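*Asks:* What follows is my_file.txt; its format and atoms are compact mmCIF, C-alpha atoms.
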```
# COMPACT_ATOMS: atom_id res chain seq x y z
CA MET Q 391 332.27 70.95 39.22
CA ALA Q 392 333.48 70.47 35.69
CA LYS Q 393 337.02 71.34 34.82
CA GLN Q 394 337.42 75.12 34.45
CA THR Q 395 339.84 77.23 32.48
CA PHE Q 396 340.55 80.15 34.72
CA THR Q 397 341.57 83.54 33.39
CA THR Q 398 343.51 86.35 34.93
CA GLY Q 399 341.39 88.49 37.20
CA GLN Q 400 338.53 86.04 37.41
CA VAL Q 401 336.76 86.09 40.76
CA LEU Q 402 335.83 82.74 42.33
CA THR Q 403 332.53 82.66 44.17
CA ALA Q 404 332.05 80.85 47.43
CA ALA Q 405 329.80 78.35 45.66
CA GLN Q 406 332.48 77.69 43.08
CA MET Q 407 335.09 77.17 45.79
CA THR Q 408 332.81 74.76 47.63
CA SER Q 409 332.14 72.83 44.46
CA LEU Q 410 335.83 72.76 43.57
CA GLN Q 411 336.62 71.55 47.06
CA GLN Q 412 334.11 68.73 46.75
CA THR Q 413 335.53 67.72 43.39
CA ALA Q 414 339.07 67.80 44.75
CA MET Q 415 337.95 65.43 47.51
CA GLY Q 416 336.58 62.97 44.99
CA GLY Q 417 333.00 64.03 45.47
CA GLY Q 418 330.79 66.67 43.92
CA SER Q 419 327.23 66.80 42.70
CA PRO Q 420 326.57 64.03 40.20
CA SER Q 421 325.23 64.39 36.74
CA THR Q 422 322.63 61.68 36.72
CA LYS Q 423 321.93 59.68 33.57
CA THR Q 424 319.06 57.29 33.08
CA ALA Q 425 320.10 55.88 29.72
CA SER Q 426 323.31 55.01 27.92
CA TYR Q 427 325.55 58.03 27.64
CA VAL Q 428 328.53 59.21 25.62
CA LEU Q 429 331.00 61.30 27.61
CA VAL Q 430 331.58 64.87 26.48
CA ALA Q 431 334.47 67.26 27.19
CA ALA Q 432 332.45 69.11 29.85
CA ASP Q 433 332.33 65.89 31.91
CA ALA Q 434 335.99 66.27 32.86
CA GLY Q 435 336.22 66.58 36.62
CA THR Q 436 332.59 65.66 37.21
CA VAL Q 437 330.68 62.72 38.59
CA ILE Q 438 328.58 60.82 36.05
CA GLN Q 439 325.99 58.77 37.86
CA MET Q 440 323.99 56.14 35.99
CA ASN Q 441 320.58 55.21 37.33
CA ALA Q 442 318.79 52.83 35.01
CA ALA Q 443 316.87 49.63 35.56
CA GLY Q 444 318.27 48.01 32.42
CA SER Q 445 321.77 47.63 31.06
CA THR Q 446 323.48 50.80 29.90
CA THR Q 447 326.84 51.94 28.57
CA ILE Q 448 329.03 54.98 29.07
CA THR Q 449 331.10 55.45 25.96
CA VAL Q 450 334.55 57.04 25.93
CA ASN Q 451 335.67 58.72 22.74
CA THR Q 452 338.93 60.34 21.74
CA ALA Q 453 339.88 64.00 21.37
CA LEU Q 454 337.61 65.19 24.17
CA PHE Q 455 339.83 65.01 27.23
CA SER Q 456 343.41 65.94 28.05
CA ALA Q 457 346.07 63.98 29.86
CA GLY Q 458 345.40 64.29 33.60
CA ASP Q 459 341.62 64.74 33.24
CA SER Q 460 339.41 62.40 35.22
CA VAL Q 461 335.74 61.47 35.33
CA GLN Q 462 334.15 59.70 38.24
CA ILE Q 463 331.54 57.15 37.22
CA GLN Q 464 328.94 55.63 39.53
CA ASN Q 465 326.15 53.18 38.93
CA ILE Q 466 323.25 53.36 41.36
CA GLY Q 467 320.72 51.68 39.08
CA ALA Q 468 319.76 48.03 39.03
CA GLY Q 469 321.02 47.57 35.47
CA VAL Q 470 324.66 46.91 34.77
CA CYS Q 471 326.46 49.94 33.39
CA THR Q 472 329.44 49.15 31.17
CA ILE Q 473 332.29 51.56 30.46
CA THR Q 474 332.73 51.17 26.72
CA ALA Q 475 335.75 52.21 24.70
CA GLY Q 476 334.35 54.15 21.74
CA THR Q 477 337.12 55.70 19.71
CA ALA Q 478 339.36 55.99 22.78
CA THR Q 479 341.25 53.23 24.49
CA VAL Q 480 340.17 52.23 27.98
CA ASN Q 481 342.41 50.00 30.06
CA THR Q 482 341.60 48.47 33.42
CA ALA Q 483 342.81 45.77 35.76
CA GLY Q 484 339.28 45.35 37.03
CA SER Q 485 335.95 45.15 35.33
CA LEU Q 486 334.37 47.71 33.02
CA ALA Q 487 330.92 46.34 33.88
CA LEU Q 488 329.54 48.05 36.96
CA SER Q 489 326.81 46.43 38.96
CA GLN Q 490 324.55 48.48 41.16
CA TRP Q 491 326.47 50.51 43.76
CA GLU Q 492 329.76 50.05 41.98
CA GLY Q 493 331.89 52.77 40.44
CA GLY Q 494 335.35 54.00 39.57
CA PHE Q 495 337.52 56.68 38.03
CA LEU Q 496 338.39 57.23 34.42
CA TYR Q 497 341.83 58.81 34.35
CA PHE Q 498 343.06 60.04 30.99
CA THR Q 499 346.70 59.50 30.14
CA SER Q 500 346.24 61.21 26.77
CA ALA Q 501 343.45 62.52 24.62
CA SER Q 502 342.88 59.07 23.25
CA SER Q 503 343.59 56.77 26.17
CA ALA Q 504 342.21 56.33 29.66
CA ILE Q 505 342.59 53.98 32.58
CA PHE Q 506 339.52 52.92 34.50
CA PHE Q 507 340.27 52.36 38.18
CA ASP Q 508 337.53 50.01 39.27
CA VAL Q 509 336.28 50.55 42.82
CA VAL Q 510 334.13 47.52 43.38
CA GLN Q 511 332.09 47.44 46.52
CA SER Q 512 332.28 43.80 47.41
CA SER Q 513 329.31 42.56 49.33
CA GLY Q 514 331.52 39.98 51.09
CA MET Q 515 330.79 36.30 51.34
CA THR Q 516 327.61 34.96 52.78
CA ASN Q 517 328.53 32.23 55.24
CA PRO Q 518 326.89 28.99 54.09
CA MET Q 519 328.02 26.97 57.11
CA THR Q 520 325.45 25.90 59.65
CA THR Q 521 326.99 23.13 61.76
CA ALA Q 522 330.20 22.45 63.66
CA GLY Q 523 332.70 20.78 61.37
CA ASP Q 524 331.26 22.27 58.19
CA THR Q 525 333.67 23.56 55.57
CA ILE Q 526 333.25 25.79 52.54
CA TYR Q 527 334.21 25.03 48.97
CA GLY Q 528 333.70 26.77 45.68
CA GLY Q 529 330.54 25.48 44.01
CA ALA Q 530 329.22 26.46 40.58
CA SER Q 531 331.10 29.58 39.40
CA GLY Q 532 332.91 29.64 42.72
CA THR Q 533 329.80 30.18 44.80
CA PRO Q 534 330.62 29.48 48.47
CA THR Q 535 329.00 26.15 49.20
CA ARG Q 536 328.60 24.25 52.46
CA LEU Q 537 330.24 20.86 52.87
CA ALA Q 538 328.81 19.10 55.92
CA ILE Q 539 331.28 17.25 58.11
CA GLY Q 540 331.67 13.56 57.32
CA SER Q 541 331.55 10.71 59.79
CA THR Q 542 334.39 9.29 61.85
CA GLY Q 543 337.05 7.65 59.73
CA GLN Q 544 335.94 9.18 56.47
CA VAL Q 545 338.45 10.93 54.25
CA LEU Q 546 338.15 13.98 52.04
CA THR Q 547 338.12 13.04 48.39
CA VAL Q 548 336.72 14.34 45.10
CA SER Q 549 333.55 13.24 43.35
CA GLY Q 550 332.16 14.90 40.26
CA GLY Q 551 334.57 17.79 40.61
CA ASN Q 552 333.52 18.60 44.16
CA PRO Q 553 335.06 17.67 47.50
CA VAL Q 554 333.15 15.05 49.46
CA TRP Q 555 333.70 13.06 52.62
CA ALA Q 556 333.81 9.35 51.85
CA THR Q 557 334.91 6.07 53.33
CA ALA Q 558 338.42 5.13 52.22
CA SER Q 559 337.71 2.48 49.62
CA SER Q 560 340.95 0.55 49.49
CA GLY Q 561 344.62 0.60 50.21
CA GLY Q 562 346.51 1.50 53.31
CA MET Q 563 347.00 -0.21 56.61
CA THR Q 564 344.30 -1.36 58.99
CA SER Q 565 345.12 -1.92 62.62
CA LEU Q 566 343.92 -5.42 63.51
CA ALA Q 567 345.21 -5.87 67.03
CA SER Q 568 347.32 -4.03 69.54
CA GLY Q 569 348.29 -4.22 73.17
CA SER Q 570 351.06 -4.41 75.73
CA LEU Q 571 353.67 -7.11 75.68
CA SER Q 572 353.92 -9.52 78.58
CA GLY Q 573 354.41 -13.16 79.29
CA ALA Q 574 356.66 -15.69 77.66
CA SER Q 575 355.02 -15.42 74.28
CA LEU Q 576 352.83 -13.14 72.17
CA ASP Q 577 350.39 -15.34 70.31
CA LEU Q 578 348.21 -13.61 67.70
CA THR Q 579 345.49 -16.00 66.59
CA SER Q 580 342.52 -16.02 64.18
CA ILE Q 581 344.06 -13.37 61.92
CA SER Q 582 341.71 -12.24 59.17
CA GLY Q 583 342.58 -13.34 55.65
CA SER Q 584 341.17 -10.17 54.10
CA TYR Q 585 344.47 -8.47 53.40
CA GLN Q 586 347.44 -8.83 51.10
CA GLN Q 587 350.14 -8.53 53.70
CA LEU Q 588 350.57 -8.58 57.45
CA LYS Q 589 352.79 -6.11 59.26
CA LEU Q 590 353.53 -6.59 62.94
CA PHE Q 591 355.34 -3.99 65.03
CA LEU Q 592 356.86 -4.56 68.46
CA ARG Q 593 357.86 -1.24 69.95
CA ASN Q 594 360.13 -0.55 72.89
CA SER Q 595 360.07 -4.19 73.86
CA GLN Q 596 362.27 -5.32 76.73
CA PHE Q 597 363.00 -8.75 78.06
CA SER Q 598 363.35 -10.17 81.53
CA SER Q 599 366.42 -12.21 80.74
CA ALA Q 600 369.69 -11.14 79.26
CA GLY Q 601 371.17 -13.57 76.80
CA THR Q 602 367.94 -14.43 75.04
CA GLU Q 603 367.09 -14.51 71.38
CA ILE Q 604 363.81 -13.50 69.78
CA ARG Q 605 361.95 -15.82 67.49
CA VAL Q 606 358.95 -15.66 65.19
CA ARG Q 607 356.76 -18.59 64.28
CA LEU Q 608 353.88 -18.80 61.81
CA ASN Q 609 350.78 -20.97 62.37
CA ASN Q 610 352.64 -22.52 65.30
CA LEU Q 611 354.58 -24.64 62.81
CA SER Q 612 357.64 -25.95 64.63
CA THR Q 613 359.43 -28.12 62.15
CA GLY Q 614 362.52 -27.12 60.23
CA ILE Q 615 360.74 -25.20 57.47
CA TYR Q 616 362.06 -21.71 58.15
CA ASN Q 617 364.78 -20.81 55.67
CA ALA Q 618 366.43 -17.45 56.21
CA ILE Q 619 369.48 -15.38 55.60
CA ASN Q 620 370.49 -13.08 58.39
CA ASN Q 621 372.63 -9.98 58.29
CA PHE Q 622 373.43 -7.99 61.34
CA ASN Q 623 375.48 -5.10 62.46
CA SER Q 624 376.75 -5.36 66.00
CA ASN Q 625 378.16 -2.21 67.56
CA GLY Q 626 379.16 -0.92 64.15
CA THR Q 627 380.76 -4.14 62.98
CA ALA Q 628 379.22 -6.34 60.32
CA GLY Q 629 378.27 -9.69 61.76
CA ALA Q 630 378.52 -12.96 59.92
CA ALA Q 631 375.64 -13.51 57.54
CA GLY Q 632 373.87 -16.62 58.58
CA ASN Q 633 372.08 -19.01 56.27
CA VAL Q 634 369.76 -20.84 58.56
CA VAL Q 635 367.16 -23.55 58.38
CA ALA Q 636 365.37 -23.70 61.69
CA THR Q 637 362.07 -24.35 63.43
CA SER Q 638 361.28 -20.62 63.51
CA PHE Q 639 362.66 -17.33 62.26
CA TYR Q 640 365.33 -15.85 64.48
CA ALA Q 641 364.97 -12.09 64.79
CA THR Q 642 368.51 -11.96 66.11
CA TYR Q 643 371.49 -14.26 66.19
CA ASN Q 644 373.11 -12.40 69.03
CA THR Q 645 372.03 -12.62 72.58
CA ILE Q 646 370.52 -9.48 74.00
CA ALA Q 647 372.12 -7.61 76.85
CA ALA Q 648 370.23 -6.49 79.91
CA SER Q 649 368.22 -3.22 79.88
CA THR Q 650 367.88 -3.38 76.14
CA THR Q 651 365.06 -1.75 74.23
CA SER Q 652 364.16 -3.15 70.87
CA VAL Q 653 361.98 -2.43 67.89
CA MET Q 654 360.83 -5.14 65.52
CA MET Q 655 358.95 -5.02 62.24
CA ILE Q 656 357.73 -8.25 60.69
CA ASP Q 657 356.28 -8.42 57.19
CA VAL Q 658 354.48 -11.52 55.99
CA PHE Q 659 353.75 -11.18 52.30
CA ASP Q 660 350.86 -12.78 50.42
CA TYR Q 661 349.96 -14.62 53.60
CA VAL Q 662 346.67 -16.10 52.37
CA ASN Q 663 348.25 -17.70 49.32
CA THR Q 664 347.64 -21.46 49.45
CA THR Q 665 350.01 -22.46 46.66
CA ALA Q 666 353.25 -20.68 47.52
CA HIS Q 667 355.63 -20.60 50.47
CA LYS Q 668 355.38 -17.50 52.64
CA GLN Q 669 357.96 -14.79 52.17
CA VAL Q 670 358.93 -12.95 55.33
CA GLN Q 671 361.13 -10.00 56.22
CA ILE Q 672 362.08 -9.04 59.74
CA GLN Q 673 363.87 -5.90 60.87
CA PHE Q 674 364.98 -6.06 64.45
CA ASN Q 675 366.96 -3.33 66.17
CA PHE Q 676 367.91 -3.29 69.81
CA THR Q 677 370.13 -1.18 71.95
CA ASN Q 678 370.98 -0.56 75.55
CA ASN Q 679 372.47 2.79 74.53
CA SER Q 680 375.95 1.76 75.61
CA SER Q 681 377.51 -1.65 75.10
CA GLN Q 682 375.07 -3.07 72.59
CA ILE Q 683 373.64 -1.54 69.44
CA GLU Q 684 372.51 -4.16 66.97
CA ASN Q 685 370.58 -4.01 63.74
CA THR Q 686 369.38 -7.21 62.22
CA SER Q 687 367.78 -7.93 58.88
CA ILE Q 688 366.24 -11.30 58.12
CA ARG Q 689 364.85 -12.35 54.77
CA GLY Q 690 363.40 -15.76 54.41
CA ALA Q 691 360.53 -18.07 53.71
CA CYS Q 692 358.36 -20.33 55.76
CA ARG Q 693 357.90 -23.40 53.64
CA THR Q 694 354.20 -23.82 54.12
CA THR Q 695 351.45 -23.45 51.55
CA ASN Q 696 348.82 -22.96 54.22
CA ALA Q 697 347.31 -19.51 54.66
CA ILE Q 698 348.77 -17.82 57.71
CA ASP Q 699 346.34 -16.97 60.49
CA ARG Q 700 348.64 -17.05 63.48
CA ILE Q 701 351.90 -15.33 64.41
CA THR Q 702 353.82 -16.08 67.57
CA VAL Q 703 356.72 -14.02 68.85
CA PHE Q 704 358.71 -15.18 71.84
CA PRO Q 705 362.05 -14.83 73.58
CA ASP Q 706 363.96 -18.03 74.09
CA ALA Q 707 364.37 -17.29 77.74
CA GLY Q 708 362.34 -15.28 80.19
CA THR Q 709 359.45 -13.03 79.29
CA PHE Q 710 358.55 -9.74 77.70
CA ASN Q 711 359.09 -7.10 80.36
CA ALA Q 712 357.74 -4.08 78.53
CA GLY Q 713 356.71 -2.80 75.14
CA THR Q 714 353.71 -2.78 72.85
CA TYR Q 715 352.60 -4.63 69.76
CA GLU Q 716 350.38 -3.71 66.85
CA LEU Q 717 349.33 -5.90 63.94
CA PHE Q 718 348.26 -4.30 60.68
CA GLY Q 719 346.58 -5.74 57.63
CA VAL Q 720 347.93 -4.12 54.50
CA LYS Q 721 346.12 -3.80 51.19
CA MET E 455 354.93 -20.03 81.76
CA ILE E 456 352.34 -17.40 80.79
CA ILE E 457 351.27 -16.94 77.17
CA LEU E 458 349.67 -13.67 76.01
CA GLU E 459 347.09 -14.78 73.49
CA HIS E 460 345.29 -12.18 71.38
CA ASN E 461 342.41 -13.43 69.25
CA VAL E 462 342.55 -10.97 66.37
CA GLU E 463 339.09 -11.88 65.10
CA THR E 464 337.25 -11.34 68.38
CA GLY E 465 339.67 -8.93 70.03
CA GLU E 466 339.76 -11.13 73.11
CA VAL E 467 343.07 -11.02 74.99
CA ILE E 468 343.85 -13.64 77.56
CA LYS E 469 346.84 -14.62 79.64
CA ARG E 470 346.99 -18.34 80.08
CA GLU E 471 349.36 -20.99 81.30
CA ALA E 472 351.36 -22.72 78.59
CA THR E 473 350.18 -26.17 77.69
CA ALA E 474 352.38 -29.21 78.18
CA GLU E 475 352.92 -29.27 74.45
CA GLU E 476 354.07 -25.65 74.46
CA LEU E 477 356.39 -26.26 77.36
CA ALA E 478 357.92 -29.18 75.52
CA GLN E 479 358.32 -27.04 72.43
CA LYS E 480 360.00 -24.37 74.55
CA ALA E 481 362.65 -26.83 75.59
CA ILE E 482 363.21 -27.85 71.99
CA ASP E 483 363.44 -24.23 70.94
CA LYS E 484 365.97 -23.47 73.64
CA ALA E 485 368.12 -26.38 72.60
CA GLU E 486 367.97 -25.29 68.99
CA ALA E 487 368.93 -21.74 69.94
CA LEU E 488 371.90 -22.97 71.92
CA ALA E 489 373.03 -25.10 69.01
CA LEU E 490 372.68 -22.16 66.68
CA GLU E 491 374.62 -19.92 69.01
CA SER E 492 377.38 -22.51 69.17
CA GLU E 493 377.42 -22.77 65.40
CA ILE E 494 377.68 -19.02 64.96
CA MET E 495 380.32 -18.78 67.64
CA ALA E 496 382.28 -21.54 65.96
CA LYS E 497 382.06 -19.70 62.65
CA ALA E 498 383.27 -16.50 64.27
CA GLN E 499 386.13 -18.31 65.96
CA ALA E 500 387.08 -20.01 62.70
CA LYS E 501 387.10 -16.62 61.01
CA GLU E 502 389.33 -15.16 63.69
CA ALA E 503 391.69 -18.13 63.43
CA ALA E 504 391.89 -17.77 59.66
CA GLN E 505 392.65 -14.07 60.00
CA ALA E 506 395.39 -14.86 62.52
CA LYS E 507 396.94 -17.34 60.08
CA LEU E 508 396.82 -14.73 57.35
CA ALA E 509 398.49 -12.21 59.58
CA ALA E 510 401.23 -14.72 60.39
CA LEU E 511 401.87 -15.00 56.66
CA GLY E 512 401.98 -11.22 56.35
CA LEU E 513 398.65 -11.16 54.46
CA THR E 514 395.39 -9.38 55.08
CA VAL E 515 391.81 -9.96 54.01
CA GLU E 516 392.27 -7.10 51.55
CA ASP E 517 395.19 -8.97 49.98
CA LEU E 518 392.97 -11.97 49.37
CA GLN E 519 390.24 -9.78 47.95
CA ALA E 520 392.78 -8.19 45.61
CA LEU E 521 393.51 -11.69 44.33
CA GLY E 522 389.84 -12.21 43.71
CA LEU E 523 389.57 -14.83 46.46
```
Please express the file's structure as structure tokens.
*Replies:*
Amino acid sequence: MAKQTFTTGQVLTAAQMTSLQQTAMGGGSPSTKTASYVLVAADAGTVIQMNAAGSTTITVNTALFSAGDSVQIQNIGAGVCTITAGTATVNTAGSLALSQWEGGFLYFTSASSAIFFDVVQSSGMTNPMTTAGDTIYGGASGTPTRLAIGSTGQVLTVSGGNPVWATASSGGMTSLASGSLSGASLDLTSISGSYQQLKLFLRNSQFSSAGTEIRVRLNNLSTGIYNAINNFNSNGTAGAAGNVVATSFYATYNTIAASTTSVMMIDVFDYVNTTAHKQVQIQFNFTNNSSQIENTSIRGACRTTNAIDRITVFPDAGTFNAGTYELFGVK
Amino acid sequence: MIILEHNVETGEVIKREATAEELAQKAIDKAEALALESEIMAKAQAKEAAQAKLAALGLTVEDLQALGL
């Protein structure tokens, strides 16, 4: 029911009350339009319903409505109906273009200005996924698009502005060998020359004999070609730095107490270079959680120009009692 | 003496007896380690002795460092 101006003594009919009630509840009989329409003053409080196959407009002009007036607008036609500011101002946080089955309220804040509260009936997203592991990404104009799961080991990357699963092309660490420590020596042989650096970890290693030292040898070379400087911290006290030339690298220059657990990291840089000596760093930490806590850092070079394809780690006495090893190639 | 040999190319892991050559090398390594231990111990003892002499003179390591020594 359009907005009324009631007068003293006027009698409301039941039909008027029903219509007013509907309007108050946001409903009411619509005034259907089939072509573009310009709002008039009598539209205040009514429902304007557009039903057109093609695009239409509903124009809002000034000096027709009062502050507080409202007009409900619906579009049930296939054509887009656009709320158009004629001589009045129309503000909205949503869209003034209404697709079929969309609508909203024009609320006038003055005779020349209105706010359109857009009530968009979202149709929701159609699920494009079909297979376990699928994901969804925004395709053209944000259209939900299926991305099929990649294969084992592939990583998610970007190609042509879209996410894709692809094989990691370069960089990173590749595990070359791993296992449990045992015996008097760990001898890693036939190491691939396809990397820039080798990184060997010994984790939670323990030794059968107290009083041993741990040594590292490259290519089983056992002449005095291992130059190194050693720094260590023993139970919180700086140990003497040792400049050593030996037949292997020493991962520690202090004997290891019983029940000691250690962690070692060995880096062999540029190991396939056949013109330069091989630079090596070793970090070796071991502790028995009481009387011995030692941290050792060794920097040195093995004076060979041969490519390295073998690394041997061994205690001077006894055997490896426990622990694991893992060799990585690094690019 | 058992050697844990891991062929990185093939992935084959074997435990084998050390060869005579490796056993001989082990003895050399042990001797070298003992010599190195002795050398480090000697250095540590020399350091302690020097510090004792300094103390007898009423000096400390910090005093020497203050002199730029």
*Asks:* Would you tabulate, counting all atoms listed in the file, all residues of chain Q that have an atom at most 9 Å from an atom of chain E, showing the closest pair of atoms and their distance in Å to one decimal, sorted by chain then ascending number, as a tab-separated table?
*Replies:*
```
residue	atom	partner	partner_atom	distance
Q:Leu566	CA	E:Val462	CA	6.4
Q:Ala567	CA	E:Val462	CA	5.8
Q:Ser568	CA	E:His460	CA	8.6
Q:Gly569	CA	E:His460	CA	8.7
Q:Leu571	CA	E:Leu458	CA	7.7
Q:Ser572	CA	E:Leu458	CA	6.5
Q:Gly573	CA	E:Ile456	CA	5.0
Q:Ala574	CA	E:Ile457	CA	5.6
Q:Ser575	CA	E:Ile457	CA	5.0
Q:Leu576	CA	E:Leu458	CA	5.0
Q:Asp577	CA	E:Glu459	CA	4.6
Q:Leu578	CA	E:His460	CA	4.9
Q:Thr579	CA	E:Asn461	CA	4.8
Q:Ser580	CA	E:Glu463	CA	5.5
Q:Ile581	CA	E:Val462	CA	5.3
Q:Ser582	CA	E:Glu463	CA	6.5
Q:Thr602	CA	E:Ala487	CA	9.0
Q:Glu603	CA	E:Ala487	CA	7.6
Q:Ser612	CA	E:Gln479	CA	7.9
Q:Gly629	CA	E:Ala498	CA	8.8
Q:Ala630	CA	E:Ala498	CA	7.3
Q:Gly632	CA	E:Ile494	CA	7.8
Q:Val634	CA	E:Leu490	CA	8.7
Q:Ala636	CA	E:Glu486	CA	7.9
Q:Thr637	CA	E:Asp483	CA	7.6
Q:Ser638	CA	E:Asp483	CA	8.5
Q:Tyr640	CA	E:Ala487	CA	8.8
Q:Tyr643	CA	E:Glu491	CA	7.1
Q:Asn644	CA	E:Glu491	CA	7.7
Q:Thr645	CA	E:Glu491	CA	8.5
Q:Asp706	CA	E:Lys484	CA	5.8
Q:Ala707	CA	E:Lys484	CA	7.6
Q:Gly708	CA	E:Met455	CA	8.9
Q:Thr709	CA	E:Ile456	CA	8.5
Q:Leu717	CA	E:Val462	CA	8.8
```
*Asks:* Would you work out the distance separating atom CA of Ser456 of chain Q from atom CA of Gly435 of chain Q, expressed in Å to one decimal?
*Replies:*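 Atom CA of Gly435 of chain Q lies 11.2 Å from atom CA of Ser456 of chain Q.
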*Asks:* Using all atoms listed in the file, which protein or nucleic acid residues come within 9 Å of Asn610 of chain Q? Drop anything in the same chain fewer than 6 positions from it, and give the result as an MDAnalysis selection string.
*Replies:* chainID Q and resid 700:702
*Asks:* Do you know which residues lie at most 10 Å from (380.3, -2.7, 67.5), with coordinates as in the file and only C-alpha atoms counted, and could you write them as a VMD selection string?
*Replies:* chain Q and resid 623 to 629 681 to 684
*Asks:* At what distance in Å, to one decimal, does atom CA of Ile466 of chain Q lie from atom CA of Thr446 of chain Q?
*Replies:*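 A separation of 11.7 Å between them.
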*Asks:* Please measure the separation of atom CA of Thr535 of chain Q and atom CA of Thr516 of chain Q, giving the value in Å to one decimal.
*Replies:*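 Distance reported for this atom pair: 9.6 Å.
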*Asks:* For Val430 of chain Q, find every residue with an atom within 9 Å (counting all atoms listed in the file), except residues of its own chain fewer than 4 positions away, and show them as a list of chain:residue names.
*Replies:*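 So, after excluding close chain neighbours, the residues are Q:Ala434, Q:Val450, Q:Asn451, Q:Leu454, Q:Phe455.
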*Asks:* Write a file of the selected residues as a JSON list (two decimals), in the frame of the given file, keeping C-alpha atoms.
*Replies:*
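Printed below is out18.json as written:
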```json
[["chain", "number", "residue", "atom", "x", "y", "z"],
["Q", 434, "ALA", "CA", 335.99, 66.27, 32.86],
["Q", 450, "VAL", "CA", 334.55, 57.04, 25.93],
["Q", 451, "ASN", "CA", 335.67, 58.72, 22.74],
["Q", 454, "LEU", "CA", 337.61, 65.19, 24.17],
["Q", 455, "PHE", "CA", 339.83, 65.01, 27.23]]
```
*Asks:* Segment 412-427 of chain Q from the block above, N, CA and C atoms, as a short mmCIF file (atom, residue, chain, number, x, y, z; two decimals), in the first residue's frame, please?
*Replies:*
```cif
data_model
loop_
_atom_site.label_atom_id
_atom_site.label_comp_id
_atom_site.auth_asym_id
_atom_site.auth_seq_id
_atom_site.Cartn_x
_atom_site.Cartn_y
_atom_site.Cartn_z
N GLN Q 412 0.82 -5.71 5.58
CA GLN Q 412 1.77 -6.36 4.64
C GLN Q 412 2.95 -5.44 4.36
N THR Q 413 2.64 -4.16 4.11
CA THR Q 413 3.70 -3.21 3.80
C THR Q 413 4.66 -3.07 4.99
N ALA Q 414 4.07 -3.00 6.19
CA ALA Q 414 4.90 -2.86 7.39
C ALA Q 414 5.83 -4.05 7.56
N MET Q 415 5.40 -5.22 7.05
CA MET Q 415 6.23 -6.43 7.18
C MET Q 415 7.19 -6.58 6.00
N GLY Q 416 7.28 -5.56 5.18
CA GLY Q 416 8.22 -5.62 4.07
C GLY Q 416 7.64 -6.30 2.86
N GLY Q 417 6.35 -6.52 2.86
CA GLY Q 417 5.73 -7.19 1.72
C GLY Q 417 4.78 -6.26 0.98
N GLY Q 418 3.64 -6.77 0.63
CA GLY Q 418 2.65 -5.97 -0.09
C GLY Q 418 2.57 -6.35 -1.54
N SER Q 419 1.43 -6.04 -2.14
CA SER Q 419 1.24 -6.37 -3.55
C SER Q 419 2.18 -5.53 -4.41
N PRO Q 420 2.86 -6.16 -5.36
CA PRO Q 420 3.80 -5.38 -6.17
C PRO Q 420 3.09 -4.62 -7.29
N SER Q 421 3.78 -3.59 -7.68
CA SER Q 421 3.38 -2.87 -8.89
C SER Q 421 4.36 -3.31 -9.97
N THR Q 422 3.87 -4.17 -10.85
CA THR Q 422 4.77 -4.79 -11.81
C THR Q 422 5.02 -3.88 -13.01
N LYS Q 423 6.30 -3.79 -13.39
CA LYS Q 423 6.70 -3.02 -14.55
C LYS Q 423 7.34 -3.98 -15.56
N THR Q 424 7.17 -3.69 -16.80
CA THR Q 424 7.75 -4.54 -17.84
C THR Q 424 8.72 -3.76 -18.72
N ALA Q 425 8.94 -2.51 -18.36
CA ALA Q 425 9.89 -1.68 -19.10
C ALA Q 425 10.51 -0.71 -18.11
N SER Q 426 11.55 -0.03 -18.54
CA SER Q 426 12.22 0.92 -17.66
C SER Q 426 11.20 1.88 -17.06
N TYR Q 427 11.46 2.30 -15.85
CA TYR Q 427 10.44 3.04 -15.10
C TYR Q 427 11.12 4.15 -14.31
#
```
